[in-house]
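Asks: Supplied structure: my_file26.tsv, TSV, N, CA and C atoms.
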```
chain	number	residue	atom	x	y	z
A	22	MET	N	0.84	-1.17	0.00
A	22	MET	CA	0.00	0.00	0.00
A	22	MET	C	0.89	1.23	0.00
A	23	LYS	N	0.59	2.13	-0.91
A	23	LYS	CA	1.35	3.38	-0.97
A	23	LYS	C	0.81	4.32	0.11
A	24	THR	N	1.69	5.09	0.67
A	24	THR	CA	1.29	6.03	1.71
A	24	THR	C	1.76	7.44	1.35
A	25	VAL	N	1.15	8.39	2.01
A	25	VAL	CA	1.56	9.78	1.88
A	25	VAL	C	1.75	10.33	3.29
A	26	THR	N	2.58	11.32	3.39
A	26	THR	CA	2.80	11.97	4.67
A	26	THR	C	1.93	13.22	4.73
A	27	ILE	N	1.21	13.35	5.83
A	27	ILE	CA	0.38	14.52	6.06
A	27	ILE	C	0.86	15.16	7.35
A	28	SER	N	1.13	16.44	7.29
A	28	SER	CA	1.56	17.12	8.51
A	28	SER	C	0.56	18.21	8.86
A	29	MET	N	0.50	18.54	10.13
A	29	MET	CA	-0.39	19.59	10.58
A	29	MET	C	0.16	20.21	11.85
A	30	ARG	N	-0.30	21.38	12.14
A	30	ARG	CA	0.13	22.09	13.34
A	30	ARG	C	-0.98	22.02	14.37
A	31	LEU	N	-0.60	21.74	15.62
A	31	LEU	CA	-1.53	21.70	16.73
A	31	LEU	C	-0.96	22.51	17.88
A	32	PRO	N	-1.82	23.08	18.69
A	32	PRO	CA	-1.32	23.70	19.91
A	32	PRO	C	-0.63	22.65	20.78
A	33	ARG	N	0.42	23.04	21.47
A	33	ARG	CA	1.18	22.09	22.30
A	33	ARG	C	0.30	21.33	23.28
A	34	GLU	N	-0.66	22.04	23.88
A	34	GLU	CA	-1.53	21.40	24.87
A	34	GLU	C	-2.36	20.29	24.23
A	35	GLU	N	-2.85	20.54	23.03
A	35	GLU	CA	-3.65	19.53	22.34
A	35	GLU	C	-2.79	18.33	21.96
A	36	ALA	N	-1.60	18.58	21.47
A	36	ALA	CA	-0.68	17.49	21.12
A	36	ALA	C	-0.34	16.67	22.35
A	37	ALA	N	-0.14	17.35	23.48
A	37	ALA	CA	0.18	16.64	24.73
A	37	ALA	C	-0.99	15.75	25.16
A	38	ARG	N	-2.22	16.26	25.00
A	38	ARG	CA	-3.39	15.44	25.34
A	38	ARG	C	-3.49	14.22	24.44
A	39	LEU	N	-3.20	14.38	23.16
A	39	LEU	CA	-3.24	13.25	22.24
A	39	LEU	C	-2.17	12.22	22.59
A	40	ASP	N	-0.98	12.70	22.92
A	40	ASP	CA	0.09	11.78	23.31
A	40	ASP	C	-0.28	11.03	24.58
A	41	GLU	N	-0.90	11.72	25.52
A	41	GLU	CA	-1.30	11.09	26.78
A	41	GLU	C	-2.35	10.01	26.53
A	42	LEU	N	-3.31	10.31	25.68
A	42	LEU	CA	-4.34	9.32	25.36
A	42	LEU	C	-3.75	8.12	24.63
A	43	ALA	N	-2.85	8.37	23.71
A	43	ALA	CA	-2.19	7.27	23.00
A	43	ALA	C	-1.45	6.38	23.98
A	44	LYS	N	-0.78	6.99	24.94
A	44	LYS	CA	-0.05	6.22	25.95
A	44	LYS	C	-1.01	5.40	26.79
A	45	GLU	N	-2.13	6.01	27.20
A	45	GLU	CA	-3.13	5.29	28.00
A	45	GLU	C	-3.68	4.09	27.24
A	46	LEU	N	-3.82	4.23	25.94
A	46	LEU	CA	-4.35	3.15	25.11
A	46	LEU	C	-3.27	2.14	24.72
A	47	GLY	N	-2.04	2.42	25.09
A	47	GLY	CA	-0.95	1.50	24.81
A	47	GLY	C	-0.53	1.46	23.36
A	48	THR	N	-0.59	2.60	22.70
A	48	THR	CA	-0.22	2.65	21.29
A	48	THR	C	0.72	3.83	21.05
A	49	GLU	N	1.40	3.77	19.94
A	49	GLU	CA	2.29	4.86	19.55
A	49	GLU	C	1.47	5.98	18.91
A	50	ARG	N	2.03	7.17	18.93
A	50	ARG	CA	1.33	8.35	18.38
A	50	ARG	C	0.85	8.13	16.95
A	51	PRO	N	1.68	7.67	16.00
A	51	PRO	CA	1.19	7.53	14.62
A	51	PRO	C	0.00	6.59	14.49
A	52	ALA	N	0.04	5.45	15.16
A	52	ALA	CA	-1.08	4.50	15.09
A	52	ALA	C	-2.33	5.09	15.71
A	53	PHE	N	-2.18	5.78	16.82
A	53	PHE	CA	-3.31	6.42	17.48
A	53	PHE	C	-3.92	7.49	16.57
A	54	LEU	N	-3.08	8.32	15.96
A	54	LEU	CA	-3.59	9.39	15.10
A	54	LEU	C	-4.29	8.83	13.86
A	55	ARG	N	-3.77	7.74	13.29
A	55	ARG	CA	-4.45	7.10	12.15
A	55	ARG	C	-5.83	6.62	12.56
A	56	GLN	N	-5.90	5.97	13.72
A	56	GLN	CA	-7.19	5.45	14.21
A	56	GLN	C	-8.16	6.61	14.48
A	57	ALA	N	-7.69	7.66	15.12
A	57	ALA	CA	-8.54	8.81	15.43
A	57	ALA	C	-9.02	9.49	14.15
A	58	LEU	N	-8.14	9.62	13.19
A	58	LEU	CA	-8.51	10.25	11.92
A	58	LEU	C	-9.56	9.44	11.18
A	59	ARG	N	-9.37	8.13	11.13
A	59	ARG	CA	-10.35	7.27	10.47
A	59	ARG	C	-11.71	7.35	11.15
A	60	ARG	N	-11.71	7.26	12.48
A	60	ARG	CA	-12.96	7.32	13.23
A	60	ARG	C	-13.65	8.67	13.03
A	61	GLY	N	-12.87	9.72	13.09
A	61	GLY	CA	-13.44	11.06	12.89
A	61	GLY	C	-14.01	11.24	11.50
A	62	ALA	N	-13.31	10.74	10.50
A	62	ALA	CA	-13.80	10.84	9.12
A	62	ALA	C	-15.10	10.06	8.96
A	63	ARG	N	-15.17	8.86	9.53
A	63	ARG	CA	-16.40	8.07	9.46
A	63	ARG	C	-17.56	8.82	10.10
A	64	ASP	N	-17.32	9.40	11.27
A	64	ASP	CA	-18.37	10.15	11.97
A	64	ASP	C	-18.83	11.35	11.15
A	65	LEU	N	-17.89	12.07	10.57
A	65	LEU	CA	-18.24	13.24	9.76
A	65	LEU	C	-19.01	12.85	8.50
A	66	MET	N	-18.62	11.75	7.88
A	66	MET	CA	-19.34	11.27	6.70
A	66	MET	C	-20.77	10.88	7.06
A	67	LEU	N	-20.93	10.21	8.20
A	67	LEU	CA	-22.26	9.81	8.64
A	67	LEU	C	-23.10	11.04	8.99
A	68	ASP	N	-22.51	12.01	9.66
A	68	ASP	CA	-23.24	13.24	9.98
A	68	ASP	C	-23.72	13.94	8.72
A	69	ARG	N	-22.85	14.02	7.72
A	69	ARG	CA	-23.21	14.67	6.46
A	69	ARG	C	-24.33	13.91	5.77
A	70	ALA	N	-24.26	12.59	5.78
A	70	ALA	CA	-25.28	11.76	5.14
A	70	ALA	C	-26.62	11.91	5.87
A	71	CYS	N	-26.60	11.92	7.19
A	71	CYS	CA	-27.83	12.09	7.96
A	71	CYS	C	-28.46	13.45	7.71
A	72	ALA	N	-27.63	14.47	7.63
A	72	ALA	CA	-28.14	15.82	7.36
A	72	ALA	C	-28.81	15.88	5.99
A	73	ALA	N	-28.21	15.24	5.01
A	73	ALA	CA	-28.78	15.23	3.66
A	73	ALA	C	-30.10	14.46	3.65
A	74	TYR	N	-30.15	13.35	4.36
A	74	TYR	CA	-31.38	12.56	4.44
A	74	TYR	C	-32.47	13.35	5.17
A	75	ARG	N	-32.10	13.99	6.27
A	75	ARG	CA	-33.04	14.80	7.05
A	75	ARG	C	-33.64	15.92	6.21
A	76	ALA	N	-32.82	16.54	5.39
A	76	ALA	CA	-33.26	17.66	4.56
A	76	ALA	C	-34.01	17.21	3.31
A	77	GLY	N	-34.03	15.91	3.05
A	77	GLY	CA	-34.68	15.41	1.85
A	77	GLY	C	-33.82	15.54	0.61
A	78	ALA	N	-32.55	15.87	0.81
A	78	ALA	CA	-31.63	16.04	-0.31
A	78	ALA	C	-31.02	14.72	-0.77
A	79	ALA	N	-31.23	13.66	0.01
A	79	ALA	CA	-30.69	12.35	-0.35
A	79	ALA	C	-31.69	11.27	0.07
A	80	THR	N	-31.78	10.26	-0.76
A	80	THR	CA	-32.57	9.10	-0.39
A	80	THR	C	-31.80	8.31	0.65
A	81	LEU	N	-32.46	7.33	1.23
A	81	LEU	CA	-31.78	6.51	2.23
A	81	LEU	C	-30.58	5.78	1.62
A	82	SER	N	-30.75	5.25	0.41
A	82	SER	CA	-29.63	4.54	-0.22
A	82	SER	C	-28.50	5.50	-0.57
A	83	ARG	N	-28.84	6.71	-1.01
A	83	ARG	CA	-27.80	7.71	-1.31
A	83	ARG	C	-27.08	8.13	-0.04
A	84	ALA	N	-27.82	8.28	1.05
A	84	ALA	CA	-27.20	8.63	2.33
A	84	ALA	C	-26.23	7.53	2.76
A	85	ALA	N	-26.61	6.29	2.55
A	85	ALA	CA	-25.71	5.18	2.88
A	85	ALA	C	-24.44	5.25	2.04
A	86	GLU	N	-24.59	5.58	0.77
A	86	GLU	CA	-23.41	5.75	-0.09
A	86	GLU	C	-22.53	6.88	0.41
A	87	MET	N	-23.17	8.00	0.78
A	87	MET	CA	-22.41	9.15	1.28
A	87	MET	C	-21.63	8.80	2.53
A	88	ALA	N	-22.22	7.96	3.38
A	88	ALA	CA	-21.57	7.55	4.62
A	88	ALA	C	-20.61	6.39	4.40
A	89	ASP	N	-20.62	5.81	3.20
A	89	ASP	CA	-19.79	4.66	2.85
A	89	ASP	C	-20.06	3.47	3.77
A	90	ILE	N	-21.36	3.24	4.00
A	90	ILE	CA	-21.78	2.09	4.81
A	90	ILE	C	-22.90	1.36	4.07
A	91	PRO	N	-23.11	0.09	4.39
A	91	PRO	CA	-24.22	-0.64	3.77
A	91	PRO	C	-25.57	-0.03	4.17
A	92	LEU	N	-26.56	-0.21	3.32
A	92	LEU	CA	-27.89	0.33	3.57
A	92	LEU	C	-28.43	-0.14	4.91
A	93	ARG	N	-28.22	-1.40	5.23
A	93	ARG	CA	-28.68	-1.94	6.52
A	93	ARG	C	-28.09	-1.16	7.68
A	94	ASP	N	-26.81	-0.85	7.62
A	94	ASP	CA	-26.16	-0.09	8.69
A	94	ASP	C	-26.71	1.33	8.76
A	95	MET	N	-27.04	1.90	7.61
A	95	MET	CA	-27.61	3.24	7.59
A	95	MET	C	-28.96	3.24	8.30
A	96	ILE	N	-29.75	2.22	8.03
A	96	ILE	CA	-31.06	2.10	8.69
A	96	ILE	C	-30.87	2.00	10.20
A	97	LEU	N	-29.88	1.25	10.63
A	97	LEU	CA	-29.62	1.10	12.06
A	97	LEU	C	-29.14	2.41	12.71
A	98	GLN	N	-28.53	3.28	11.92
A	98	GLN	CA	-28.02	4.55	12.44
A	98	GLN	C	-29.12	5.61	12.59
A	99	LEU	N	-30.26	5.40	11.96
A	99	LEU	CA	-31.31	6.42	11.97
A	99	LEU	C	-31.75	6.79	13.38
A	100	LYS	N	-31.94	5.81	14.24
A	100	LYS	CA	-32.40	6.10	15.61
A	100	LYS	C	-31.39	6.96	16.35
A	101	ASP	N	-30.11	6.63	16.25
A	101	ASP	CA	-29.07	7.40	16.93
A	101	ASP	C	-29.02	8.84	16.43
A	102	ALA	N	-29.41	9.04	15.18
A	102	ALA	CA	-29.40	10.38	14.58
A	102	ALA	C	-30.75	11.08	14.72
A	103	SER	N	-31.65	10.48	15.49
A	103	SER	CA	-33.00	11.03	15.69
A	103	SER	C	-33.73	11.23	14.36
A	104	LEU	N	-33.58	10.27	13.49
A	104	LEU	CA	-34.24	10.30	12.19
A	104	LEU	C	-35.26	9.18	12.10
A	105	GLU	N	-36.31	9.42	11.35
A	105	GLU	CA	-37.31	8.39	11.10
A	105	GLU	C	-37.11	7.85	9.70
A	106	LEU	N	-37.46	6.60	9.54
A	106	LEU	CA	-37.37	5.97	8.23
A	106	LEU	C	-38.50	6.47	7.35
A	107	ASN	N	-38.16	7.18	6.31
A	107	ASN	CA	-39.12	7.66	5.32
A	107	ASN	C	-38.78	6.94	4.02
A	108	TYR	N	-39.35	5.78	3.86
A	108	TYR	CA	-38.98	4.93	2.74
A	108	TYR	C	-40.25	4.42	2.09
A	109	GLY	N	-40.62	5.08	1.00
A	109	GLY	CA	-41.86	4.72	0.32
A	109	GLY	C	-41.62	3.80	-0.86
A	110	THR	N	-42.69	3.48	-1.53
A	110	THR	CA	-42.60	2.55	-2.66
A	110	THR	C	-41.81	3.15	-3.82
A	111	GLU	N	-41.91	4.48	-4.00
A	111	GLU	CA	-41.14	5.11	-5.07
A	111	GLU	C	-39.64	4.98	-4.82
A	112	GLU	N	-39.24	5.22	-3.58
A	112	GLU	CA	-37.82	5.10	-3.25
A	112	GLU	C	-37.35	3.66	-3.39
A	113	LEU	N	-38.18	2.72	-2.98
A	113	LEU	CA	-37.85	1.31	-3.14
A	113	LEU	C	-37.64	0.97	-4.61
A	114	SER	N	-38.52	1.45	-5.46
A	114	SER	CA	-38.38	1.19	-6.90
A	114	SER	C	-37.08	1.75	-7.44
A	115	ARG	N	-36.74	3.00	-7.04
A	115	ARG	CA	-35.47	3.61	-7.49
A	115	ARG	C	-34.28	2.79	-7.01
A	116	ASP	N	-34.32	2.37	-5.75
A	116	ASP	CA	-33.19	1.61	-5.21
A	116	ASP	C	-33.04	0.27	-5.92
A	117	LEU	N	-34.14	-0.35	-6.26
A	117	LEU	CA	-34.07	-1.65	-6.96
A	117	LEU	C	-33.54	-1.50	-8.37
A	118	GLN	N	-33.72	-0.34	-8.98
A	118	GLN	CA	-33.24	-0.11	-10.35
A	118	GLN	C	-31.75	0.20	-10.38
A	119	GLN	N	-31.17	0.59	-9.27
A	119	GLN	CA	-29.75	0.96	-9.25
A	119	GLN	C	-28.86	-0.22	-9.28
```
Kindly transcribe the structure held in the file into structure tokens.

Replies:
Amino acid sequence: MKTVTISMRLPREEAARLDELAKELGTERPAFLRQALRRGARDLMLDRACAAYRAGAATLSRAAEMADIPLRDMILQLKDASLELNYGTEELSRDLQQ
């Protein structure tokens, strides 16, 4: 797998907190930061997908694509996001055609 180096600036206090947490979790800073970045990106993608679904700008299947999760997982996330399932026959037909 090819990799790229990404650098960023953080306040010293924030960097110290991240190092402390990495140490508590028994991992090195780079591994901890990769894990935190992945988790944060997943959360942000899900938030964006839920917002689009809430606003009616995305169907449930499109929201799942936006979040990069299976449709079943998107349905399971609706309750945590305080969303109701609005899935009619028209949307079902569109999803089956895709």

Asks: Find, counting only C-alpha atoms, the residue in A:Leu39, A:Met87, A:Leu81, A:Cys71 that gets nearest to A:Leu106.

Replies: A:Leu81

Asks: Write out as a list in words the residues lying within 12 Å of A:Ala102, counting only C-alpha atoms and excluding same-chain residues fewer than 2 positions away.

Replies: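 Near A:Ala102, the qualifying residues are Asp64, Leu67, Asp68, Arg69, Ala70, Cys71, Ala72, Ala73, Tyr74, Arg75, Met95, Ile96, Leu97, Gln98, Leu99, Lys100, Leu104, Glu105 and Leu106 of chain A.
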
Asks: Enter the distance from atom CA of A:Lys44 to atom CA of A:Met29, in Å, rounded to one decimal.

Replies: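 Straight-line distance from atom CA of A:Lys44 to atom CA of A:Met29 works out to 20.4 Å.
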
Asks: At a cut-off of 5 Å around the point (-27.7, 2.3, 1.5) (file coordinates), what residues fall inside when counting all atoms listed in the file? I'd like the answer as a count of residues only.

Replies: 6

Asks: Quick one, how far is atom C of A:Ala84 from atom N of A:Met66?

Replies: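 Atom-to-atom, atom C of A:Ala84 and atom N of A:Met66 are spaced 10.1 Å apart.
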